[in-house]
>>> print(open('start19.txt').read())   # compact mmCIF, C-alpha atoms and all ligand atoms
# COMPACT_ATOMS: atom_id res chain seq x y z
CA MET F 176 -10.45 19.51 18.80
CA ARG F 177 -9.29 16.17 20.05
CA LEU F 178 -6.29 13.98 19.50
CA ARG F 179 -6.48 12.00 16.26
CA PRO F 180 -4.79 8.68 15.63
CA PRO F 181 -2.26 8.51 12.77
CA LYS F 182 -3.70 8.02 9.30
CA TYR F 183 -2.73 4.35 9.14
CA ILE F 184 -4.75 3.70 12.30
CA GLU F 185 -7.79 5.65 11.05
CA ASN F 186 -7.72 3.52 7.89
CA LEU F 187 -7.66 0.18 9.71
CA ALA F 188 -10.55 -2.13 8.91
CA PRO F 189 -11.81 -4.00 11.99
CA TYR F 190 -11.17 -7.76 12.07
CA ARG F 191 -14.32 -9.77 11.57
CA PRO F 192 -14.10 -13.06 13.41
CA GLY F 193 -16.20 -16.13 12.65
CA LYS F 194 -19.79 -15.68 13.83
CA PRO F 195 -20.16 -17.02 17.37
CA ILE F 196 -22.63 -19.83 18.06
CA GLU F 197 -24.48 -17.81 20.73
CA GLU F 198 -25.13 -14.96 18.32
CA VAL F 199 -26.77 -17.28 15.80
CA GLN F 200 -28.84 -18.93 18.54
CA ARG F 201 -30.10 -15.50 19.59
CA GLU F 202 -30.70 -14.07 16.14
CA PHE F 203 -32.54 -17.06 14.70
CA GLY F 204 -34.05 -18.51 17.86
CA LEU F 205 -32.18 -21.76 17.29
CA LYS F 206 -30.95 -24.19 19.92
CA ASP F 207 -28.75 -26.51 18.00
CA VAL F 208 -26.14 -24.53 16.10
CA ILE F 209 -22.84 -25.82 14.74
CA LYS F 210 -19.83 -23.71 13.84
CA LEU F 211 -17.57 -24.74 11.00
CA ALA F 212 -16.21 -21.25 10.59
CA SER F 213 -12.90 -20.78 12.38
CA ASN F 214 -10.84 -23.91 11.68
CA GLU F 215 -11.13 -24.86 15.34
CA ASN F 216 -10.63 -28.40 16.57
CA PRO F 217 -14.14 -29.93 16.50
CA LEU F 218 -13.21 -32.34 19.32
CA GLY F 219 -12.69 -29.48 21.76
CA PRO F 220 -9.51 -28.81 23.72
CA SER F 221 -6.93 -31.45 24.55
CA PRO F 222 -8.21 -33.25 27.70
CA LEU F 223 -4.73 -33.27 29.22
CA ALA F 224 -4.56 -29.50 28.73
CA MET F 225 -7.85 -28.97 30.56
CA GLU F 226 -6.70 -31.15 33.42
CA ALA F 227 -3.50 -29.14 33.72
CA VAL F 228 -5.38 -25.85 33.75
CA GLN F 229 -7.67 -27.00 36.55
CA LYS F 230 -4.75 -28.22 38.58
CA HIS F 231 -2.85 -24.96 38.23
CA LEU F 232 -5.66 -22.43 38.73
CA LYS F 233 -4.81 -22.13 42.39
CA GLU F 234 -1.53 -20.48 41.40
CA SER F 235 -3.41 -17.67 39.68
CA HIS F 236 -2.24 -15.05 42.20
CA ARG F 237 1.33 -15.50 40.91
CA TYR F 238 2.60 -13.77 37.81
CA PRO F 239 3.18 -16.22 34.99
CA ASP F 240 6.67 -17.37 34.06
CA ALA F 241 7.81 -14.65 31.65
CA THR F 242 10.42 -16.96 30.13
CA ALA F 243 7.91 -19.78 29.52
CA HIS F 244 10.63 -22.07 30.81
CA ARG F 245 8.70 -25.35 30.96
CA LEU F 246 6.81 -24.87 27.72
CA ARG F 247 10.04 -23.79 26.02
CA LYS F 248 11.76 -26.98 27.12
CA ALA F 249 8.86 -29.14 25.99
CA VAL F 250 8.63 -27.50 22.56
CA SER F 251 12.39 -27.61 22.15
CA GLN F 252 12.45 -31.37 22.77
CA LYS F 253 9.44 -32.21 20.68
CA GLU F 254 10.31 -30.03 17.70
CA ARG F 255 14.09 -30.40 17.81
CA VAL F 256 14.64 -26.63 18.04
CA SER F 257 17.02 -25.15 20.58
CA GLU F 258 15.36 -23.33 23.48
CA ALA F 259 16.96 -20.01 22.58
CA ASP F 260 15.48 -20.18 19.09
CA LEU F 261 11.90 -19.86 20.37
CA LEU F 262 9.73 -16.78 20.86
CA PHE F 263 6.37 -17.32 22.58
CA GLY F 264 3.28 -15.16 22.26
CA CYS F 265 -0.49 -15.08 22.74
CA GLY F 266 -1.11 -16.93 19.53
CA SER F 267 1.09 -16.78 16.46
CA ASP F 268 -0.84 -13.59 15.69
CA HIS F 269 0.96 -11.90 18.58
CA VAL F 270 4.33 -13.32 17.52
CA MET F 271 3.81 -11.75 14.10
CA ASP F 272 2.95 -8.45 15.76
CA VAL F 273 6.10 -8.52 17.87
CA LEU F 274 8.30 -9.39 14.88
CA ILE F 275 6.91 -6.50 12.88
CA ARG F 276 7.23 -4.05 15.77
CA SER F 277 10.80 -5.16 16.37
CA TYR F 278 12.02 -4.85 12.80
CA LEU F 279 9.86 -2.45 10.80
CA SER F 280 9.01 1.25 11.05
CA PRO F 281 6.01 3.14 9.69
CA GLY F 282 6.61 3.69 5.97
CA ASP F 283 8.35 0.34 5.50
CA GLN F 284 6.78 -2.25 3.25
CA SER F 285 6.13 -5.98 3.25
CA VAL F 286 5.19 -8.47 0.55
CA THR F 287 2.74 -11.33 0.53
CA SER F 288 0.09 -12.80 -1.75
CA HIS F 289 -3.47 -11.84 -2.45
CA ALA F 290 -5.71 -13.95 -0.16
CA ALA F 291 -2.89 -14.57 2.32
CA PHE F 292 -4.01 -15.07 5.93
CA VAL F 293 -5.42 -11.67 6.93
CA ALA F 294 -3.65 -11.37 10.29
CA PHE F 295 -0.43 -10.54 8.47
CA ARG F 296 -1.96 -7.53 6.75
CA VAL F 297 -3.62 -6.33 9.94
CA ASN F 298 -0.43 -6.58 11.97
CA CYS F 299 1.48 -4.66 9.31
CA ASN F 300 -1.12 -1.94 8.88
CA VAL F 301 -1.39 -1.35 12.62
CA GLN F 302 2.22 -0.27 12.48
CA GLY F 303 2.00 1.85 9.34
CA VAL F 304 3.63 -0.83 7.21
CA GLU F 305 2.29 -1.03 3.67
CA VAL F 306 1.53 -4.55 2.38
CA LEU F 307 2.21 -5.26 -1.30
CA GLU F 308 0.31 -8.25 -2.67
CA ALA F 309 1.12 -10.42 -5.66
CA PRO F 310 -1.93 -11.93 -7.37
CA LEU F 311 -2.72 -15.60 -6.76
CA LEU F 312 -1.81 -18.15 -9.40
CA GLU F 313 -4.70 -19.69 -11.31
CA SER F 314 -4.31 -22.75 -9.05
CA GLY F 315 -4.97 -20.66 -5.94
CA SER F 316 -1.36 -20.98 -4.74
CA PHE F 317 0.99 -18.12 -3.96
CA ASP F 318 2.85 -16.76 -6.98
CA LEU F 319 6.33 -16.83 -5.47
CA ASP F 320 7.96 -15.41 -8.60
CA ALA F 321 5.65 -12.40 -8.55
CA MET F 322 6.29 -11.95 -4.83
CA LEU F 323 10.02 -12.03 -5.46
CA GLU F 324 9.65 -9.37 -8.15
CA LEU F 325 7.85 -7.10 -5.66
CA ILE F 326 10.54 -7.69 -3.04
CA ARG F 327 13.31 -6.84 -5.51
CA ALA F 328 11.57 -3.82 -6.99
CA ASN F 329 10.65 -2.07 -3.74
CA GLU F 330 13.53 -0.84 -1.62
CA ARG F 331 11.50 -0.47 1.55
CA VAL F 332 10.39 -4.09 1.65
CA LYS F 333 11.86 -5.69 4.76
CA LEU F 334 9.51 -8.58 5.35
CA THR F 335 7.68 -11.24 3.38
CA TYR F 336 4.99 -13.67 4.51
CA LEU F 337 4.16 -17.13 3.24
CA ALA F 338 1.58 -19.42 4.84
CA ASN F 339 2.14 -23.05 3.80
CA PRO F 340 -0.59 -24.18 3.56
CA ASN F 341 -2.39 -20.86 3.42
CA ASN F 342 -5.68 -19.97 5.04
CA PRO F 343 -8.33 -19.43 3.59
CA THR F 344 -7.22 -21.07 0.33
CA GLY F 345 -5.75 -24.27 1.84
CA THR F 346 -3.21 -24.28 -0.99
CA HIS F 347 0.55 -24.65 -0.65
CA ARG F 348 3.85 -24.54 -2.54
CA ASP F 349 6.25 -27.46 -2.80
CA ARG F 350 9.73 -27.79 -1.36
CA LYS F 351 11.51 -27.02 -4.63
CA ASP F 352 9.59 -23.77 -5.16
CA VAL F 353 9.79 -22.66 -1.54
CA ARG F 354 13.54 -23.26 -1.47
CA LYS F 355 14.06 -21.41 -4.74
CA PHE F 356 12.11 -18.48 -3.32
CA LEU F 357 14.00 -18.45 0.00
CA ASP F 358 17.34 -18.75 -1.80
CA ALA F 359 16.46 -15.73 -3.93
CA VAL F 360 15.09 -13.64 -1.05
CA ARG F 361 18.31 -14.24 0.83
CA GLN F 362 20.19 -12.55 -2.04
CA VAL F 363 18.08 -9.37 -1.99
CA ARG F 364 19.74 -6.25 -0.52
CA GLY F 365 22.43 -8.21 1.26
CA GLY F 366 20.04 -10.60 3.00
CA THR F 367 18.11 -7.90 4.85
CA VAL F 368 14.63 -9.18 4.00
CA LEU F 369 13.06 -11.44 6.62
CA THR F 370 10.64 -14.22 5.67
CA ILE F 371 7.83 -15.35 7.96
CA MET F 372 6.70 -18.88 7.14
CA ASP F 373 3.39 -19.63 8.80
CA TYR F 374 2.98 -23.33 9.59
CA ALA F 375 -0.25 -23.08 11.57
CA TYR F 376 -1.54 -26.24 9.86
CA TRP F 377 1.69 -28.23 9.80
CA GLU F 378 0.29 -31.08 11.93
CA TYR F 379 -2.44 -31.67 9.33
CA VAL F 380 -0.09 -31.72 6.36
CA THR F 381 0.00 -35.04 4.51
CA ASP F 382 1.89 -33.98 1.37
CA SER F 383 5.57 -34.80 1.83
CA GLU F 384 6.42 -32.15 -0.78
CA ILE F 385 5.72 -29.44 1.81
CA PRO F 386 9.11 -28.79 3.43
CA GLU F 387 9.39 -29.57 7.13
CA PRO F 388 9.77 -26.62 9.49
CA GLN F 389 13.04 -28.14 10.77
CA GLU F 390 14.46 -28.25 7.27
CA ILE F 391 13.63 -24.59 6.67
CA LEU F 392 14.99 -23.57 10.05
CA SER F 393 18.34 -25.23 9.61
CA ASP F 394 18.90 -24.36 5.95
CA TYR F 395 17.72 -20.75 6.16
CA ARG F 396 18.89 -19.84 9.62
CA GLY F 397 18.86 -16.11 10.19
CA SER F 398 16.53 -15.28 7.31
CA VAL F 399 13.32 -17.13 8.24
CA VAL F 400 11.01 -17.29 11.24
CA VAL F 401 8.60 -20.22 11.32
CA LEU F 402 5.26 -19.66 13.07
CA ARG F 403 3.47 -22.45 14.91
CA THR F 404 0.29 -22.42 16.96
CA PHE F 405 -1.64 -24.32 19.63
CA SER F 406 -4.93 -23.01 18.21
CA LYS F 407 -5.58 -25.72 15.67
CA VAL F 408 -4.76 -29.40 16.23
CA TYR F 409 -4.21 -28.91 19.99
CA GLY F 410 -7.66 -27.32 20.30
CA LEU F 411 -6.50 -24.30 22.29
CA GLY F 412 -7.65 -21.36 20.17
CA GLY F 413 -9.25 -19.76 23.20
CA MET F 414 -6.08 -20.05 25.29
CA ARG F 415 -3.97 -18.03 22.84
CA VAL F 416 -0.58 -19.71 22.59
CA GLY F 417 1.76 -19.69 19.62
CA TYR F 418 5.43 -19.34 18.91
CA GLY F 419 8.00 -18.32 16.40
CA ALA F 420 11.10 -20.42 15.77
CA GLY F 421 14.25 -18.96 14.28
CA ASP F 422 17.79 -17.85 14.94
CA ALA F 423 18.12 -16.70 18.58
CA ALA F 424 20.00 -13.57 17.47
CA LEU F 425 17.12 -12.68 15.17
CA LEU F 426 14.55 -13.20 17.93
CA GLU F 427 16.53 -11.37 20.61
CA PRO F 428 15.09 -7.86 19.95
CA CYS F 429 11.62 -9.42 19.98
CA GLN F 430 12.18 -10.88 23.43
CA ARG F 431 12.69 -7.31 24.65
CA VAL F 432 9.72 -5.89 22.71
CA ARG F 433 7.14 -8.45 23.76
CA GLN F 434 5.21 -7.84 26.96
CA PRO F 435 6.82 -10.14 29.51
CA PHE F 436 3.56 -11.48 30.94
CA SER F 437 1.53 -11.68 27.76
CA LEU F 438 1.15 -15.45 28.07
CA ASN F 439 -0.91 -16.26 31.14
CA HIS F 440 -0.31 -19.17 33.48
CA PRO F 441 -3.28 -21.38 32.45
CA ALA F 442 -2.30 -20.93 28.81
CA LEU F 443 1.30 -21.95 29.50
CA VAL F 444 0.37 -25.12 31.37
CA ALA F 445 -2.36 -25.98 28.87
CA ALA F 446 0.03 -25.76 25.94
CA GLU F 447 2.68 -27.82 27.69
CA ALA F 448 0.19 -30.57 28.53
CA ALA F 449 -1.36 -30.50 25.04
CA LEU F 450 2.04 -31.01 23.49
CA HIS F 451 2.23 -34.37 25.27
CA ASP F 452 -1.34 -35.36 24.45
CA GLN F 453 -0.45 -37.53 21.48
CA ALA F 454 -3.65 -39.59 21.75
CA PHE F 455 -5.69 -36.42 21.29
CA VAL F 456 -3.59 -35.21 18.38
CA ASP F 457 -3.87 -38.61 16.68
CA GLU F 458 -7.63 -38.68 17.17
CA SER F 459 -7.93 -35.10 15.86
CA LEU F 460 -5.94 -35.94 12.74
CA LYS F 461 -8.06 -39.01 12.17
CA VAL F 462 -11.32 -37.09 12.50
CA ASN F 463 -9.99 -34.48 10.09
CA ALA F 464 -8.88 -37.05 7.52
CA ILE F 465 -12.24 -38.83 7.66
CA GLY F 466 -14.04 -35.50 7.41
CA LEU F 467 -12.02 -34.43 4.38
CA VAL F 468 -12.87 -37.67 2.60
CA LYS F 469 -16.55 -37.06 3.28
CA TRP F 470 -16.46 -33.44 2.13
CA ARG F 471 -14.42 -34.19 -1.00
CA TYR F 472 -16.82 -36.97 -1.90
CA TYR F 473 -19.89 -34.73 -1.51
CA LEU F 474 -18.34 -31.80 -3.36
CA GLY F 475 -17.04 -34.00 -6.16
CA GLU F 476 -20.31 -35.83 -6.57
CA SER F 477 -22.23 -32.52 -6.65
CA GLY F 478 -19.82 -30.82 -9.03
CA ILE F 479 -18.99 -28.05 -6.57
CA PRO F 480 -15.44 -26.83 -7.27
CA PHE F 481 -13.08 -26.57 -4.31
CA MET F 482 -9.42 -25.84 -3.81
CA PRO F 483 -6.94 -28.53 -2.83
CA THR F 484 -6.28 -28.37 0.91
CA GLN F 485 -3.61 -29.44 3.36
CA GLY F 486 -5.43 -28.06 6.40
CA ASN F 487 -8.59 -28.73 8.43
CA PHE F 488 -10.79 -26.72 6.09
CA LEU F 489 -11.89 -26.44 2.46
CA LEU F 490 -12.55 -23.45 0.24
CA ILE F 491 -15.54 -24.10 -2.00
CA ASN F 492 -16.81 -22.14 -4.99
CA THR F 493 -20.44 -21.32 -4.23
CA GLN F 494 -20.92 -19.31 -7.42
CA ALA F 495 -20.19 -22.36 -9.53
CA GLY F 496 -21.89 -24.77 -7.12
CA PHE F 497 -25.00 -22.84 -6.06
CA GLY F 498 -25.17 -19.80 -8.35
CA LYS F 499 -24.74 -17.65 -5.25
CA SER F 500 -22.03 -15.65 -3.56
CA GLY F 501 -20.26 -17.12 -0.58
CA ASN F 502 -21.99 -14.59 1.61
CA GLU F 503 -25.45 -15.56 0.34
CA VAL F 504 -24.82 -19.24 1.03
CA PHE F 505 -23.41 -18.32 4.44
CA GLU F 506 -26.55 -16.31 5.31
CA LEU F 507 -28.92 -19.05 4.11
CA CYS F 508 -27.11 -21.74 6.10
CA LEU F 509 -27.24 -19.64 9.27
CA LYS F 510 -31.01 -20.04 9.22
CA SER F 511 -30.48 -23.79 9.44
CA GLY F 512 -28.03 -23.37 12.29
CA VAL F 513 -24.80 -23.99 10.39
CA ILE F 514 -22.08 -21.34 10.48
CA PHE F 515 -19.55 -21.26 7.64
CA ARG F 516 -17.12 -18.47 6.81
CA PRO F 517 -17.58 -16.15 3.83
CA VAL F 518 -14.28 -14.79 2.47
CA GLY F 519 -15.38 -11.64 0.66
CA ASN F 520 -12.93 -9.78 2.89
CA TYR F 521 -10.20 -11.72 1.05
CA GLY F 522 -11.49 -10.45 -2.28
CA MET F 523 -13.02 -13.87 -2.95
CA PRO F 524 -16.78 -13.20 -2.96
CA ASP F 525 -17.56 -16.39 -4.91
CA TRP F 526 -16.05 -18.65 -2.27
CA LEU F 527 -16.94 -20.01 1.15
CA ARG F 528 -14.63 -21.57 3.72
CA VAL F 529 -15.80 -24.72 5.44
CA SER F 530 -13.97 -26.06 8.51
CA VAL F 531 -13.99 -29.83 8.89
CA GLY F 532 -16.14 -30.87 11.85
CA THR F 533 -16.97 -34.07 13.68
CA PRO F 534 -18.61 -36.78 11.54
CA ALA F 535 -22.05 -35.70 12.82
CA GLU F 536 -21.35 -32.03 12.11
CA ASN F 537 -20.09 -32.76 8.60
CA GLU F 538 -23.15 -34.83 7.87
CA ARG F 539 -25.52 -32.15 9.08
CA ALA F 540 -23.69 -29.39 7.19
CA ILE F 541 -23.76 -31.41 3.98
CA GLU F 542 -27.51 -32.07 4.42
CA VAL F 543 -28.10 -28.33 4.78
CA LEU F 544 -26.11 -27.62 1.60
CA LYS F 545 -27.98 -30.35 -0.27
CA ALA F 546 -31.33 -28.89 0.80
CA LEU F 547 -30.16 -25.45 -0.26
CA ARG F 548 -29.30 -26.67 -3.74
CA LYS F 549 -32.66 -28.32 -4.05
CA ALA F 550 -34.56 -25.24 -2.90
CA HIS F 551 -32.63 -22.94 -5.23
CA ALA F 552 -32.13 -25.26 -8.19
CA HIS F 553 -30.66 -23.36 -11.09
C1 LIG T 601 -5.47 -20.09 12.55
C2 LIG T 601 -4.23 -19.55 11.97
C3 LIG T 601 -3.20 -19.11 12.80
C4 LIG T 601 -3.31 -19.21 14.28
O1 LIG T 601 -3.31 -17.96 14.85
P1 LIG T 601 -3.21 -17.89 16.44
O2 LIG T 601 -2.99 -16.44 16.66
O3 LIG T 601 -2.04 -18.72 16.83
O4 LIG T 601 -4.49 -18.40 17.01
C5 LIG T 601 -2.05 -18.64 12.22
N1 LIG T 601 -1.90 -18.62 10.88
C6 LIG T 601 -2.85 -19.05 10.06
C7 LIG T 601 -2.60 -19.06 8.60
C8 LIG T 601 -4.05 -19.52 10.58
O5 LIG T 601 -5.02 -19.91 9.75
>>> encode(input="start19.txt", output="structure tokens", more="lines below")
Ligand SMILES: *Cc1c(COP(=O)(O)O)cnc(C)c1O
Amino acid sequence: MRLRPPKYIENLAPYRPGKPIEEVQREFGLKDVIKLASNENPLGPSPLAMEAVQKHLKESHRYPDATAHRLRKAVSQKERVSEADLLFGCGSDHVMDVLIRSYLSPGDQSVTSHAAFVAFRVNCNVQGVEVLEAPLLESGSFDLDAMLELIRANERVKLTYLANPNNPTGTHRDRKDVRKFLDAVRQVRGGTVLTIMDYAYWEYVTDSEIPEPQEILSDYRGSVVVLRTFSKVYGLGGMRVGYGAGDAALLEPCQRVRQPFSLNHPALVAAEAALHDQAFVDESLKVNAIGLVKWRYYLGESGIPFMPTQGNFLLINTQAGFGKSGNEVFELCLKSGVIFRPVGNYGMPDWLRVSVGTPAENERAIEVLKALRKAHAH
């Protein structure tokens, strides 16, 4: 006999991250490998952030500032959110975890969409929270009406999750639809259902029909937490910094639940410096916009269907484009040193997610796909 974990832990599927570059180099004996698999910033980290980390390493014997005072001030000023309305964590992933631990118990339920960003499901399941999923609309966007039905019909639903735009689909819902959904959720069971709106890709958004985080925060105060991250446009995925913004009273239990020193000192100073690195952000957005043009042109010209995107990635239909599953195309491209991301774990075996790279990376990846189509003409 030995101690067994609870059933909901035994049933957890392990998270499968994007394949690391070193692994592909080893497995295929390749030197030059590019990774367009994790929606990372292809330009690397913000240079100002790296400078700040180096400068502050000599303070590593000190515990980090548990209140994230300086970063809190900087975010508050830049994003026009009051300091008390911010909850910091090691990535927005951790903020989600803390929110769920603070508000839900095993046996509770949450609602999201099929193909919603997987971290939500994982964070719920770890705590014995069952996730109910509405099917995607034909367009690949979240079916907010179907989600609302699930929220209304299931008494134990306390939380709902909407990523706008979503990963891996890249799709989004417009202001009018989001507001209608939030208005309705606020009416369910006396306003006791919390909505998490994940804005991980907000900086990349170009469609003015996607509501601003500030608009959501002021109009739905107390019923929504907005998630933001330093992992994408700021290039700090490896540093692990994210935050939730919402009513201070709503976040207060979370401040007690979160581990006080979860955010380390280098991460705090890196995030603060990155926030002020506007030149880097501008350059990153430019590289992404140019990359998207290039990818859309190639995909359009080759008749490979893809979903509309508001992020730094594209979801392409490999079944229609190559007569192969996303996983098959992924495996074949590995041999040429290009790492994409299959999304079979999202129940989308016919699709492949492509992160936008530098101009040289995009060019090389497109050449590899072109060669693949030629070799496997159907
Ligand atoms: C990448 C991503 C995040 C970022 O997660 P971190 O834990 O902050 O690195 C959050 N949400 C979505 C939808 C993402 O794609």
>>> residues_near_ligand(input="start19.txt", ligand="ligand LIG 601 (chain T)", cutoff="9 Å", atoms="all atoms listed in the file", output="PyMOL selection string")
chain F and resi 213-215+264-271+291-295+337-343+373-376+402-407+411-418+486
>>> atom_distance(input="start19.txt", atom1="atom CA of Gly466 of chain F", atom2="atom CA of Gln453 of chain F")
19.7 Å
>>> closest_residue(input="start19.txt", among="F:Val399, F:Leu261, F:Ile275, F:Val332", to="Arg361 of chain F", atoms="only C-alpha atoms")
F:Val399
>>> atom_distance(input="start19.txt", atom1="atom CA of Gln229 of chain F", atom2="atom CA of Asp452 of chain F")
16.0 Å
>>> closest_atom_pairs(input="start19.txt", of="segment 374-480 of chain F", to="segment 525-543 of chain F", cutoff="9 Å", atoms="all atoms listed in the file", output="tab-separated table")
residue	atom	partner	partner_atom	distance
F:Val462	CA	F:Thr533	CA	6.5
F:Asn463	CA	F:Val531	CA	6.2
F:Ala464	CA	F:Val531	CA	9.0
F:Ile465	CA	F:Pro534	CA	7.7
F:Gly466	CA	F:Val531	CA	5.9
F:Leu467	CA	F:Val531	CA	6.7
F:Lys469	CA	F:Asn537	CA	7.7
F:Trp470	CA	F:Asn537	CA	7.4
F:Tyr473	CA	F:Ile541	CA	7.5
>>> closest_residue(input="start19.txt", among="F:Glu234, F:Glu447, F:Asp272, F:Asp394", to="Arg433 of chain F", atoms="all atoms listed in the file")
F:Asp272
>>> decode(input="start19.txt", residues="segment 486-493 of chain F", atoms="all heavy atoms", output="mmCIF file, in the first residue's frame")
data_model
loop_
_atom_site.group_PDB
_atom_site.id
_atom_site.type_symbol
_atom_site.label_atom_id
_atom_site.label_comp_id
_atom_site.auth_asym_id
_atom_site.auth_seq_id
_atom_site.Cartn_x
_atom_site.Cartn_y
_atom_site.Cartn_z
ATOM 1 N N GLY F 486 -3.086 37.488 -33.278
ATOM 2 C CA GLY F 486 -1.928 37.252 -32.405
ATOM 3 C C GLY F 486 -0.629 37.238 -33.186
ATOM 4 O O GLY F 486 -0.508 37.871 -34.240
ATOM 5 N N ASN F 487 0.367 36.510 -32.658
ATOM 6 C CA ASN F 487 1.661 36.383 -33.334
ATOM 7 C C ASN F 487 1.827 34.959 -33.865
ATOM 8 O O ASN F 487 2.913 34.403 -33.848
ATOM 9 C CB ASN F 487 2.808 36.748 -32.381
ATOM 10 C CG ASN F 487 2.858 35.842 -31.165
ATOM 11 O OD1 ASN F 487 1.927 35.073 -30.908
ATOM 12 N ND2 ASN F 487 3.944 35.914 -30.414
ATOM 13 N N PHE F 488 0.714 34.392 -34.292
ATOM 14 C CA PHE F 488 0.720 33.005 -34.767
ATOM 15 C C PHE F 488 -0.476 32.799 -35.692
ATOM 16 O O PHE F 488 -1.396 33.625 -35.732
ATOM 17 C CB PHE F 488 0.618 32.048 -33.575
ATOM 18 C CG PHE F 488 -0.625 32.245 -32.758
ATOM 19 C CD1 PHE F 488 -1.767 31.497 -32.999
ATOM 20 C CD2 PHE F 488 -0.673 33.214 -31.764
ATOM 21 C CE1 PHE F 488 -2.929 31.695 -32.271
ATOM 22 C CE2 PHE F 488 -1.839 33.421 -31.026
ATOM 23 C CZ PHE F 488 -2.970 32.663 -31.283
ATOM 24 N N LEU F 489 -0.416 31.683 -36.441
ATOM 25 C CA LEU F 489 -1.492 31.334 -37.372
ATOM 26 C C LEU F 489 -1.817 29.855 -37.228
ATOM 27 O O LEU F 489 -0.911 29.034 -37.081
ATOM 28 C CB LEU F 489 -1.030 31.554 -38.805
ATOM 29 C CG LEU F 489 -0.987 32.972 -39.346
ATOM 30 C CD1 LEU F 489 0.113 33.069 -40.391
ATOM 31 C CD2 LEU F 489 -2.327 33.339 -39.967
ATOM 32 N N LEU F 490 -3.081 29.518 -37.320
ATOM 33 C CA LEU F 490 -3.480 28.116 -37.305
ATOM 34 C C LEU F 490 -3.831 27.716 -38.733
ATOM 35 O O LEU F 490 -4.728 28.318 -39.338
ATOM 36 C CB LEU F 490 -4.673 27.931 -36.371
ATOM 37 C CG LEU F 490 -4.988 26.483 -35.985
ATOM 38 C CD1 LEU F 490 -3.822 25.860 -35.217
ATOM 39 C CD2 LEU F 490 -6.254 26.418 -35.147
ATOM 40 N N ILE F 491 -3.081 26.750 -39.261
ATOM 41 C CA ILE F 491 -3.287 26.381 -40.665
ATOM 42 C C ILE F 491 -3.843 24.964 -40.781
ATOM 43 O O ILE F 491 -3.551 24.105 -39.950
ATOM 44 C CB ILE F 491 -1.990 26.536 -41.507
ATOM 45 C CG1 ILE F 491 -0.962 25.460 -41.156
ATOM 46 C CG2 ILE F 491 -1.377 27.918 -41.303
ATOM 47 C CD1 ILE F 491 0.266 25.524 -42.063
ATOM 48 N N ASN F 492 -4.655 24.744 -41.805
ATOM 49 C CA ASN F 492 -5.285 23.439 -42.000
ATOM 50 C C ASN F 492 -4.409 22.588 -42.913
ATOM 51 O O ASN F 492 -4.399 22.755 -44.133
ATOM 52 C CB ASN F 492 -6.683 23.619 -42.587
ATOM 53 C CG ASN F 492 -7.465 22.323 -42.559
ATOM 54 O OD1 ASN F 492 -6.912 21.260 -42.837
ATOM 55 N ND2 ASN F 492 -8.732 22.413 -42.203
ATOM 56 N N THR F 493 -3.664 21.663 -42.307
ATOM 57 C CA THR F 493 -2.718 20.850 -43.074
ATOM 58 C C THR F 493 -3.430 19.743 -43.852
ATOM 59 O O THR F 493 -2.935 19.295 -44.878
ATOM 60 C CB THR F 493 -1.674 20.198 -42.153
ATOM 61 O OG1 THR F 493 -2.363 19.436 -41.159
ATOM 62 C CG2 THR F 493 -0.799 21.253 -41.501
#
